[in-house]
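A.B. asks: You'll find work_8.cif just under this line, and it carries mmCIF, C-alpha atoms.
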```
data_protein
#
loop_
_atom_site.label_atom_id
_atom_site.label_comp_id
_atom_site.auth_asym_id
_atom_site.auth_seq_id
_atom_site.Cartn_x
_atom_site.Cartn_y
_atom_site.Cartn_z
CA MET H 26 27.54 2.61 -12.43
CA GLY H 27 28.89 5.84 -11.02
CA LYS H 28 28.74 7.47 -14.45
CA LYS H 29 25.12 6.42 -14.83
CA ILE H 30 24.19 8.12 -11.58
CA VAL H 31 26.05 11.27 -12.59
CA ASP H 32 24.25 11.21 -15.94
CA PHE H 33 20.93 10.73 -14.24
CA LEU H 34 21.43 13.64 -11.89
CA TRP H 35 23.55 16.03 -13.97
CA GLY H 36 23.11 14.83 -17.60
CA SER H 37 21.29 17.71 -19.26
CA THR H 38 20.37 21.28 -18.40
CA GLN H 39 16.90 20.20 -17.41
CA ARG H 40 18.26 17.54 -15.08
CA LYS H 41 20.71 20.02 -13.59
CA VAL H 42 17.85 22.40 -12.84
CA TRP H 43 15.75 19.68 -11.21
CA THR H 44 18.61 18.24 -9.17
CA SER H 45 19.68 21.63 -7.86
CA LEU H 46 16.05 22.52 -7.11
CA ILE H 47 15.61 19.36 -5.05
CA VAL H 48 18.91 19.89 -3.23
CA ILE H 49 18.01 23.51 -2.49
CA LEU H 50 14.57 22.44 -1.26
CA MET H 51 16.08 19.83 1.05
CA LEU H 52 18.60 22.30 2.44
CA ALA H 53 15.88 24.92 2.84
CA SER H 54 13.70 22.44 4.69
CA PHE H 55 16.54 21.58 7.07
CA VAL H 56 17.24 25.26 7.72
CA THR H 57 13.55 26.06 8.16
CA LYS H 58 13.17 23.17 10.54
CA LEU H 59 16.01 24.56 12.63
CA VAL H 60 15.00 28.21 12.45
CA LEU H 61 11.22 27.91 12.69
CA PRO H 62 10.07 25.55 15.40
CA VAL H 63 6.76 24.12 14.22
CA PRO H 64 4.31 23.89 17.09
CA PRO H 65 2.95 20.40 17.80
CA PRO H 66 -0.39 19.76 16.11
CA HIS H 67 -3.39 20.87 18.08
CA VAL H 68 -6.08 18.22 17.77
CA ALA H 69 -9.79 19.01 17.93
CA LEU H 70 -12.09 16.01 17.88
CA SER H 71 -15.21 17.79 16.66
CA GLY H 72 -15.97 20.77 14.50
CA GLU H 73 -15.70 24.12 16.22
CA PRO H 74 -18.06 27.08 15.77
CA ILE H 75 -16.59 29.53 13.29
CA PHE H 76 -18.00 32.63 14.96
CA SER H 77 -17.38 32.77 18.67
CA THR H 78 -20.40 35.05 19.14
CA GLY H 79 -22.59 33.58 16.40
CA PRO H 80 -24.68 30.43 16.22
CA GLN H 81 -23.07 27.44 17.86
CA TRP H 82 -24.26 25.00 15.21
CA PHE H 83 -22.41 26.80 12.44
CA THR H 84 -19.16 24.88 12.78
CA ASN H 85 -16.35 24.67 10.29
CA SER H 86 -17.45 21.20 9.20
CA VAL H 87 -20.95 22.51 8.47
CA LEU H 88 -19.43 25.16 6.22
CA THR H 89 -17.29 22.61 4.41
CA THR H 90 -20.26 20.25 4.03
CA ILE H 91 -22.19 23.06 2.33
CA ILE H 92 -19.24 23.75 0.04
CA VAL H 93 -18.94 20.05 -0.84
CA ASP H 94 -22.67 19.97 -1.61
CA ILE H 95 -22.36 23.04 -3.83
CA ILE H 96 -19.44 21.47 -5.70
CA LEU H 97 -21.41 18.26 -6.32
CA LEU H 98 -24.54 20.16 -7.37
CA LEU H 99 -22.57 22.39 -9.74
CA LEU H 100 -20.87 19.37 -11.30
CA ALA H 101 -24.22 17.64 -11.75
CA LEU H 102 -25.95 20.70 -13.19
CA LEU H 103 -23.04 21.55 -15.49
CA THR H 104 -23.10 18.02 -16.85
CA ARG H 105 -26.89 17.97 -17.08
CA PHE H 106 -27.24 21.15 -19.09
CA SER H 107 -24.47 20.40 -21.53
CA LEU H 108 -25.49 16.85 -22.40
CA LYS H 109 -24.45 15.89 -25.91
CA GLU H 110 -24.89 12.88 -28.16
CA VAL H 111 -21.13 12.54 -28.42
CA PRO H 112 -19.74 13.15 -24.94
CA SER H 113 -16.62 15.18 -24.39
CA GLY H 114 -14.70 16.65 -21.51
CA LEU H 115 -16.65 16.77 -18.27
CA GLN H 116 -19.46 14.60 -19.56
CA ASN H 117 -16.95 11.87 -20.41
CA VAL H 118 -15.58 11.87 -16.88
CA MET H 119 -19.00 11.85 -15.27
CA GLU H 120 -20.23 9.06 -17.53
CA ALA H 121 -17.19 6.97 -16.71
CA VAL H 122 -17.70 7.50 -12.98
CA VAL H 123 -21.41 6.71 -13.08
CA GLU H 124 -20.85 3.67 -15.28
CA ALA H 125 -18.18 2.31 -12.98
CA LEU H 126 -20.41 2.83 -9.94
CA TYR H 127 -23.37 1.22 -11.66
CA GLY H 128 -21.25 -1.76 -12.65
CA LEU H 129 -20.23 -2.14 -9.03
CA ALA H 130 -23.84 -1.86 -7.83
CA GLU H 131 -24.92 -4.44 -10.39
CA SER H 132 -22.20 -6.87 -9.35
CA VAL H 133 -23.48 -6.81 -5.76
CA ALA H 134 -27.22 -6.23 -6.04
CA GLY H 135 -28.04 -7.80 -9.40
CA LYS H 136 -31.52 -6.84 -10.56
CA ASN H 137 -32.04 -4.54 -7.57
CA ALA H 138 -29.13 -2.35 -8.66
CA SER H 139 -31.32 0.29 -10.28
CA LYS H 140 -33.26 0.78 -7.03
CA PHE H 141 -30.24 1.02 -4.77
CA PHE H 142 -28.04 2.93 -7.16
CA PRO H 143 -29.20 6.54 -6.47
CA TRP H 144 -28.62 6.21 -2.74
CA VAL H 145 -25.27 4.46 -2.81
CA ALA H 146 -23.88 6.59 -5.64
CA THR H 147 -24.84 9.74 -3.75
CA ILE H 148 -23.10 8.40 -0.68
CA PHE H 149 -19.99 7.50 -2.65
CA LEU H 150 -19.71 10.88 -4.37
CA PHE H 151 -20.39 12.85 -1.20
CA VAL H 152 -17.99 10.80 0.89
CA ILE H 153 -15.17 10.86 -1.62
CA VAL H 154 -15.39 14.61 -2.18
CA SER H 155 -15.56 15.29 1.55
CA ASN H 156 -12.65 12.92 2.23
CA TRP H 157 -10.50 14.66 -0.34
CA SER H 158 -11.63 18.11 0.72
CA GLY H 159 -9.60 17.64 3.88
CA LEU H 160 -6.45 17.20 1.80
CA ILE H 161 -6.66 20.55 0.04
CA PRO H 162 -3.90 22.78 1.39
CA GLY H 163 -5.50 25.47 3.50
CA VAL H 164 -8.29 23.30 4.86
CA GLY H 165 -7.59 23.21 8.55
CA SER H 166 -4.71 25.67 8.37
CA ILE H 167 -6.58 28.86 7.45
CA GLY H 168 -8.72 30.23 10.20
CA PHE H 169 -9.45 32.74 12.90
CA TYR H 170 -8.20 33.35 16.38
CA HIS H 171 -11.00 33.30 18.88
CA PRO H 172 -10.45 35.24 22.05
CA THR H 173 -10.10 32.85 24.93
CA GLU H 174 -11.76 33.49 28.27
CA ALA H 175 -8.68 35.22 29.61
CA HIS H 176 -8.51 37.62 26.68
CA SER H 177 -12.17 38.12 25.93
CA GLU H 178 -12.41 41.44 27.74
CA GLU H 179 -9.88 43.20 25.55
CA ALA H 180 -11.08 41.63 22.28
CA PRO H 181 -14.87 41.36 22.39
CA ALA H 182 -15.37 41.73 18.62
CA GLY H 183 -16.05 38.14 17.58
CA GLU H 184 -13.08 36.80 15.67
CA SER H 185 -9.83 38.57 15.35
CA HIS H 186 -7.95 37.72 12.22
CA GLY H 187 -4.74 35.85 12.37
CA ALA H 188 -2.95 34.98 9.17
CA LEU H 189 -1.03 31.77 9.58
CA LEU H 190 2.05 32.61 7.71
CA ASN H 191 5.18 32.22 9.74
CA GLY H 192 5.21 28.84 11.43
CA GLN H 193 2.35 27.33 9.52
CA LEU H 194 3.83 27.81 6.07
CA ALA H 195 5.74 24.65 6.76
CA MET H 196 2.68 22.50 7.26
CA VAL H 197 2.12 21.76 3.59
CA GLY H 198 0.04 18.64 3.81
CA GLY H 199 -1.20 18.98 7.35
CA SER H 200 -4.91 19.55 7.28
CA ILE H 201 -5.53 19.73 10.97
CA MET H 202 -5.59 22.55 13.42
CA LEU H 203 -1.95 23.33 13.13
CA ALA H 204 -1.38 26.27 15.36
CA ALA H 205 -1.15 25.81 19.06
CA PRO H 206 -0.99 29.42 20.09
CA GLY H 207 -1.60 28.52 23.67
CA ASN H 208 1.93 27.20 24.04
CA ALA H 209 4.07 30.19 24.78
CA GLN H 210 7.33 28.26 24.72
CA HIS H 211 7.49 28.33 20.93
CA ALA H 212 9.03 31.51 19.65
CA PRO H 213 6.71 32.15 16.64
CA ALA H 214 3.64 31.00 18.50
CA ALA H 215 4.37 33.27 21.42
CA ALA H 216 3.56 36.39 19.45
CA GLU H 217 0.23 34.92 18.39
CA SER H 218 -0.79 33.51 21.73
CA GLU H 219 -2.38 36.76 22.80
CA HIS H 220 -4.92 36.40 19.95
CA GLY H 221 -6.50 33.42 21.66
CA LYS H 222 -7.68 30.01 20.45
CA PHE H 223 -7.16 29.07 16.82
CA VAL H 224 -10.26 27.87 14.97
CA PRO H 225 -9.86 26.76 11.36
CA LEU H 226 -12.31 28.00 8.76
CA PHE H 227 -12.66 24.62 7.02
CA ARG H 228 -12.64 21.06 8.26
CA ALA H 229 -13.22 17.91 6.25
CA PRO H 230 -16.87 16.85 6.82
CA SER H 231 -15.95 13.20 7.25
CA ALA H 232 -13.48 14.12 10.00
CA ASP H 233 -16.50 15.13 12.08
CA LEU H 234 -18.40 12.37 13.85
CA ASN H 235 -21.72 14.18 13.35
CA VAL H 236 -21.53 13.86 9.57
CA THR H 237 -20.48 10.22 9.49
CA PHE H 238 -23.11 9.24 12.06
CA ALA H 239 -25.79 11.07 10.12
CA LEU H 240 -24.81 9.13 6.99
CA ALA H 241 -24.73 5.86 8.93
CA ILE H 242 -28.11 6.37 10.58
CA ALA H 243 -29.75 7.42 7.32
CA THR H 244 -28.29 4.37 5.58
CA MET H 245 -29.46 1.94 8.24
CA VAL H 246 -32.96 3.50 8.17
CA MET H 247 -32.95 2.98 4.41
CA VAL H 248 -32.00 -0.66 5.00
CA GLN H 249 -35.18 -1.13 7.06
CA ILE H 250 -37.24 0.69 4.43
CA TRP H 251 -35.94 -1.53 1.64
CA GLY H 252 -36.56 -4.61 3.76
CA VAL H 253 -40.19 -3.65 4.39
CA ARG H 254 -40.72 -2.73 0.76
CA HIS H 255 -39.48 -6.10 -0.46
CA LEU H 256 -40.79 -8.45 2.22
CA GLY H 257 -43.64 -6.49 3.76
CA GLY H 258 -44.35 -7.18 7.41
CA ALA H 259 -42.43 -10.45 7.12
CA TYR H 260 -39.25 -8.41 7.26
CA PHE H 261 -39.68 -7.93 11.00
CA ARG H 262 -39.79 -11.69 11.51
CA LYS H 263 -36.01 -11.43 11.38
CA PHE H 264 -36.03 -9.59 14.70
CA PHE H 265 -39.09 -11.04 16.46
CA ASN H 266 -39.17 -14.72 15.79
CA TRP H 267 -40.69 -17.18 18.24
CA SER H 268 -41.42 -19.97 15.79
CA GLY H 269 -39.82 -23.39 16.03
CA PRO H 270 -40.62 -27.07 16.37
CA ASN H 271 -40.05 -27.18 20.14
CA ALA H 272 -39.50 -24.90 23.08
CA PHE H 273 -35.72 -25.07 22.77
CA MET H 274 -35.70 -23.95 19.13
CA LYS H 275 -38.21 -21.22 19.93
CA GLY H 276 -35.86 -19.87 22.57
CA ILE H 277 -32.91 -20.03 20.19
CA ASN H 278 -34.84 -18.18 17.47
CA ALA H 279 -35.94 -15.48 19.90
CA PHE H 280 -32.36 -15.03 21.01
CA VAL H 281 -31.13 -14.84 17.41
CA GLY H 282 -33.73 -12.14 16.80
CA ILE H 283 -32.33 -10.11 19.69
CA LEU H 284 -28.84 -10.53 18.29
CA GLU H 285 -30.05 -9.32 14.88
CA LEU H 286 -31.57 -6.27 16.52
CA ILE H 287 -28.35 -5.47 18.36
CA SER H 288 -26.23 -6.00 15.27
CA GLU H 289 -28.38 -3.49 13.41
CA PHE H 290 -27.35 -0.84 15.95
CA ALA H 291 -23.76 -2.07 16.02
CA ARG H 292 -23.64 -1.50 12.27
CA ILE H 293 -24.51 2.16 12.75
CA ILE H 294 -21.64 2.57 15.17
CA ALA H 295 -19.19 0.63 13.02
CA PHE H 296 -20.28 2.57 9.92
CA GLY H 297 -19.86 5.93 11.59
CA PHE H 298 -16.61 5.22 13.35
CA ARG H 299 -14.94 3.53 10.39
CA LEU H 300 -15.19 6.57 8.16
CA PHE H 301 -14.57 9.09 10.92
CA GLY H 302 -11.61 7.18 12.32
CA ASN H 303 -9.89 6.70 9.00
CA ILE H 304 -10.17 10.30 7.87
CA PHE H 305 -9.50 11.84 11.27
CA ALA H 306 -6.53 9.56 11.87
CA GLY H 307 -5.24 10.44 8.41
CA GLU H 308 -5.34 14.13 9.23
CA ILE H 309 -3.50 13.54 12.46
CA VAL H 310 -0.90 11.40 10.70
CA LEU H 311 -0.32 14.18 8.17
CA ALA H 312 -0.07 16.83 10.86
CA THR H 313 2.29 14.69 12.91
CA MET H 314 4.52 14.00 9.92
CA ALA H 315 4.58 17.70 9.09
CA PHE H 316 5.50 18.33 12.71
CA LEU H 317 8.32 15.77 12.67
CA PHE H 318 9.84 16.98 9.45
CA ALA H 319 8.03 19.64 7.55
CA PHE H 320 8.88 19.38 3.88
CA LEU H 321 9.45 16.04 2.18
CA LEU H 322 8.25 13.54 4.75
CA PRO H 323 4.47 14.21 4.49
CA ILE H 324 4.36 13.61 0.72
CA PRO H 325 4.11 9.77 0.75
CA PHE H 326 1.57 9.96 3.56
CA TYR H 327 -0.37 12.50 1.56
CA ALA H 328 -0.54 10.01 -1.31
CA LEU H 329 -1.62 7.32 1.16
CA GLU H 330 -4.42 9.54 2.42
CA VAL H 331 -5.69 10.16 -1.11
CA PHE H 332 -5.87 6.39 -1.51
CA VAL H 333 -7.48 5.88 1.89
CA GLY H 334 -10.10 8.51 1.10
CA PHE H 335 -11.04 6.65 -2.06
CA VAL H 336 -11.05 3.23 -0.41
CA GLN H 337 -13.19 4.41 2.50
CA ALA H 338 -15.75 5.95 0.15
CA LEU H 339 -15.81 2.65 -1.75
CA VAL H 340 -16.14 0.66 1.48
CA PHE H 341 -19.04 2.80 2.68
CA MET H 342 -20.81 2.33 -0.64
CA MET H 343 -20.15 -1.42 -0.80
CA LEU H 344 -21.33 -1.98 2.76
CA ALA H 345 -24.50 0.02 2.16
CA LEU H 346 -25.13 -2.04 -0.99
CA VAL H 347 -24.55 -5.33 0.81
CA PHE H 348 -26.85 -4.37 3.69
CA PHE H 349 -29.55 -3.24 1.27
CA GLN H 350 -29.25 -6.49 -0.64
CA MET H 351 -29.28 -8.58 2.54
CA SER H 352 -32.43 -6.86 3.79
CA THR H 353 -34.32 -7.82 0.63
CA ILE H 354 -33.57 -11.52 1.01
CA SER H 355 -36.10 -13.48 3.02
CA HIS H 356 -34.59 -14.70 6.27
CA GLY H 357 -34.68 -18.35 7.24
CA SER H 358 -35.64 -20.73 4.42
CA HIS H 359 -37.67 -22.94 6.82
CA ASP H 360 -40.36 -20.25 6.90
CA GLU H 361 -41.56 -21.25 3.44
CA HIS H 362 -43.26 -24.55 4.27
CA HIS H 363 -46.00 -23.47 6.60
CA MET I 29 -0.21 6.89 39.50
CA ASP I 30 -1.80 10.19 38.61
CA VAL I 31 -4.59 10.57 36.07
CA ASP I 32 -2.40 11.97 33.31
CA ALA I 33 0.07 9.10 33.45
CA ALA I 34 -2.81 6.62 33.46
CA LYS I 35 -4.26 8.34 30.38
CA GLN I 36 -0.98 8.13 28.50
CA LEU I 37 -0.54 4.48 29.44
CA GLY I 38 -4.13 3.74 28.49
CA ALA I 39 -3.71 5.36 25.08
CA ALA I 40 -0.52 3.43 24.41
CA LEU I 41 -2.06 0.14 25.53
CA ALA I 42 -5.24 0.73 23.51
CA MET I 43 -3.28 1.34 20.33
CA GLY I 44 -0.71 -1.39 20.90
CA LEU I 45 -3.14 -4.14 21.83
CA GLY I 46 -5.69 -2.95 19.30
CA ALA I 47 -3.17 -3.27 16.48
CA ILE I 48 -2.52 -6.99 17.12
CA GLY I 49 -5.82 -8.30 15.80
CA PRO I 50 -6.00 -6.24 12.62
CA GLY I 51 -2.31 -6.99 11.99
CA ILE I 52 -2.93 -10.73 12.06
CA GLY I 53 -6.11 -10.29 10.02
CA ILE I 54 -4.48 -8.20 7.31
CA GLY I 55 -1.61 -10.65 7.15
CA LEU I 56 -4.00 -13.56 6.62
CA ILE I 57 -5.96 -11.66 3.98
CA GLY I 58 -2.77 -10.71 2.15
CA SER I 59 -1.31 -14.21 2.26
CA LYS I 60 -4.50 -15.82 0.99
CA ALA I 61 -4.85 -13.22 -1.75
CA MET I 62 -1.26 -13.83 -2.89
CA GLU I 63 -1.92 -17.56 -2.88
CA ALA I 64 -5.05 -17.05 -4.95
CA MET I 65 -3.22 -14.81 -7.39
CA GLY I 66 -0.50 -17.41 -7.74
CA ARG I 67 -3.02 -20.12 -8.50
CA ASN I 68 -5.07 -18.02 -10.87
CA PRO I 69 -3.08 -15.08 -12.27
CA GLU I 70 -5.88 -14.08 -14.67
CA ALA I 71 -8.13 -13.19 -11.73
CA ALA I 72 -5.47 -10.99 -10.12
CA GLY I 73 -7.44 -7.80 -10.78
CA THR I 74 -10.64 -8.83 -9.03
CA ILE I 75 -8.71 -10.52 -6.23
CA GLN I 76 -6.78 -7.34 -5.65
CA THR I 77 -9.87 -5.12 -5.37
CA ASN I 78 -11.55 -7.58 -3.05
CA MET I 79 -8.36 -7.87 -1.04
CA ILE I 80 -8.21 -4.11 -0.57
CA LEU I 81 -11.86 -4.07 0.52
CA ALA I 82 -11.29 -6.87 3.02
CA ILE I 83 -8.17 -5.14 4.31
CA ALA I 84 -10.19 -1.97 4.82
CA PHE I 85 -12.65 -3.93 6.98
CA ALA I 86 -9.91 -5.52 9.05
CA GLU I 87 -8.15 -2.20 9.33
CA SER I 88 -11.23 -0.48 10.68
CA ILE I 89 -10.86 -2.46 13.93
CA GLY I 90 -7.43 -0.95 14.33
CA ILE I 91 -8.87 2.45 13.51
CA PHE I 92 -11.38 2.05 16.34
CA ALA I 93 -8.47 1.44 18.70
CA LEU I 94 -6.76 4.49 17.28
CA VAL I 95 -9.85 6.63 17.88
CA ILE I 96 -9.98 5.44 21.48
CA ALA I 97 -6.29 6.19 21.92
CA LEU I 98 -6.73 9.68 20.46
CA LEU I 99 -9.74 10.31 22.68
CA LEU I 100 -7.69 9.30 25.70
CA LYS I 101 -4.73 11.39 24.68
CA PHE I 102 -6.35 14.63 23.56
CA VAL I 103 -9.69 14.91 25.35
#
```
I need this file expressed as structure tokens, please.

C.D. replies:
Amino acid sequence: MGKKIVDFLWGSTQRKVWTSLIVILMLASFVTKLVLPVPPPHVALSGEPIFSTGPQWFTNSVLTTIIVDIILLLLALLTRFSLKEVPSGLQNVMEAVVEALYGLAESVAGKNASKFFPWVATIFLFVIVSNWSGLIPGVGSIGFYHPTEAHSEEAPAGESHGALLNGQLAMVGGSIMLAAPGNAQHAPAAAESEHGKFVPLFRAPSADLNVTFALAIATMVMVQIWGVRHLGGAYFRKFFNWSGPNAFMKGINAFVGILELISEFARIIAFGFRLFGNIFAGEIVLATMAFLFAFLLPIPFYALEVFVGFVQALVFMMLALVFFQMSTISHGSHDEHH
Amino acid sequence: MDVDAAKQLGAALAMGLGAIGPGIGIGLIGSKAMEAMGRNPEAAGTIQTNMILAIAFAESIGIFALVIALLLKFV
């Protein structure tokens, strides 16, 4: 048993190299942890304007949303203009993705799949790319120092650059605002604190409530549109329904209609907060793990966040599909016989 | 009790109490999925994907609690 372990760790030259690398890395991480105190993660709930003197709407999540859009458009155009009879490379990947998504749409929506597919596939691709964009090293850790109110008189020139190299090198997986330059008690942060407030250049779009709510509202509006398209004016009978054999049933039906109306709005909130909460919480978990122990500890959580990003994109798509499908089905079978 | 202490307590309570429901729910989903896989091992693949989806729904309740706790703690 002991010999096996020795063989596994020290059997060949390659193994020796790997084992010593890992040991050196672990030692280095311990030493770094002792020498460089990592500041506790600074948490910002919403995107912050990149330019302190520029437009307020141009936040870091807007910039990252645009980048995500450009990536998706480039992928689509690259695939479109190099279409071949026999697919290879990129086209293979894209075909596999689209086929898998279409299969999923078909399994939920049946014959309506071709109508719903463009919307839900767009949502899936956008959400998954924006979820994973927050995991790229540098997103959330590269940024500017904005002059705070106290310092604004000596540094009026918009953003002053601050490279995050000393303390923040340790935050490998942490994709959240890592520096807390306001805290002067940390030795490396103290030198930076005179630069002002740290604002990252990038922020995952789905870690911003504005983006997820926009997606949720657009999806729920589409649900109503699909309902009207399939059922006509009868769709609204779901919400405003006073029919019934007697006064008691009429009251019950009216009440159920109110509940349906409320649940439609509750879905927007649940939709928006589910995605936002998962991705935002993931970023905080990564930052906290990097804060607790910088080097090896965040890696399993990083893998978890990759998985969570995929699952949340899938959940958003599946829910949108299910709501679309539900809106096309006539409500209340007793309506047919009158 | 000052406001800061109340905030910290509120955040802890929100997260702790909010994790009970999703914990029970995820446990039930997992146990039923295992049971189903044991009864019908050929369907393990589809059961697993559906299980993960259902877990994501149950988990989102806990995530709401987490968002509230974070709001209390950091805002």

A.B. asks: Check which residues satisfy the PyMOL selection byres ((chain H) within 8 of (chain I)) in the file shown, then give them as a list in words.

C.D. replies: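 Matching residues under the PyMOL selection byres ((chain H) within 8 of (chain I)) are Val68, Ala69, Leu70, Phe298, Arg299, Gly302, Asn303, Ala306, Val336, Gln337 and Val340 of chain H.
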
A.B. asks: Take the residues from that selection and put them in a file with C-alpha atoms, as an mmCIF file, in the coordinates of the input.

C.D. replies:
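Result file part-v7.cif:
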```cif
data_model
loop_
_atom_site.group_PDB
_atom_site.id
_atom_site.type_symbol
_atom_site.label_atom_id
_atom_site.label_comp_id
_atom_site.auth_asym_id
_atom_site.auth_seq_id
_atom_site.Cartn_x
_atom_site.Cartn_y
_atom_site.Cartn_z
ATOM 1 C CA VAL H 68 -6.080 18.220 17.770
ATOM 2 C CA ALA H 69 -9.790 19.010 17.930
ATOM 3 C CA LEU H 70 -12.090 16.010 17.880
ATOM 4 C CA PHE H 298 -16.610 5.220 13.350
ATOM 5 C CA ARG H 299 -14.940 3.530 10.390
ATOM 6 C CA GLY H 302 -11.610 7.180 12.320
ATOM 7 C CA ASN H 303 -9.890 6.700 9.000
ATOM 8 C CA ALA H 306 -6.530 9.560 11.870
ATOM 9 C CA VAL H 336 -11.050 3.230 -0.410
ATOM 10 C CA GLN H 337 -13.190 4.410 2.500
ATOM 11 C CA VAL H 340 -16.140 0.660 1.480
#
```

A.B. asks: Could you please determine the separation between CA of His255 in chain H and CA of Thr353 in chain H in Å, to one decimal place?

C.D. replies: 5.5 Å

A.B. asks: Can you turn the PyMOL selection byres ((chain H and resi 248) around 9) into a concrete residue list for this file, as JSON, numbers by chain?

C.D. replies: {"H": [243, 244, 245, 246, 247, 249, 250, 251, 252, 253, 345, 348, 349, 350, 351, 352, 353]}

A.B. asks: Excluding range 56-62 of chain I and residues on its chain fewer than 4 positions from it, collect all residues at most 9 Å away from it, counting all atoms listed in the file, and give them as a ChimeraX atom specification.

C.D. replies: /I:51-52,66-67,72,75-76,78-80,82-83,86

A.B. asks: I need the residue nearest Ile91 in chain H from this list: H:Trp157, H:Phe151, H:Trp35, H:Phe335. Use only C-alpha atoms for the distance.

C.D. replies: H:Phe151

A.B. asks: Counting only C-alpha atoms, find the residues whose atoms lie at most 10 Å from (-20.8, 6.7, 7.9) (file coordinates) and write them out as an MDAnalysis selection string.

C.D. replies: chainID H and resid 148 152 231 234:245 292:301 337:338 340:342 345

A.B. asks: May I have the residues within 9 Å of Phe76 in chain H as a list of chain:residue names, using all atoms listed in the file and disregarding those fewer than 2 positions away in the same chain?

C.D. replies: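 The filter keeps H:Glu73, H:Pro74, H:Thr78, H:Gly79, H:Pro80, H:Gln81, H:Phe83, H:Thr84, H:Phe169, H:His171, H:Gly183, H:Glu184.
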
A.B. asks: Could you jot down the CA of Glu330 in chain H to CA of Ile153 in chain H separation for me, Å, one decimal place?

C.D. replies: 11.6 Å
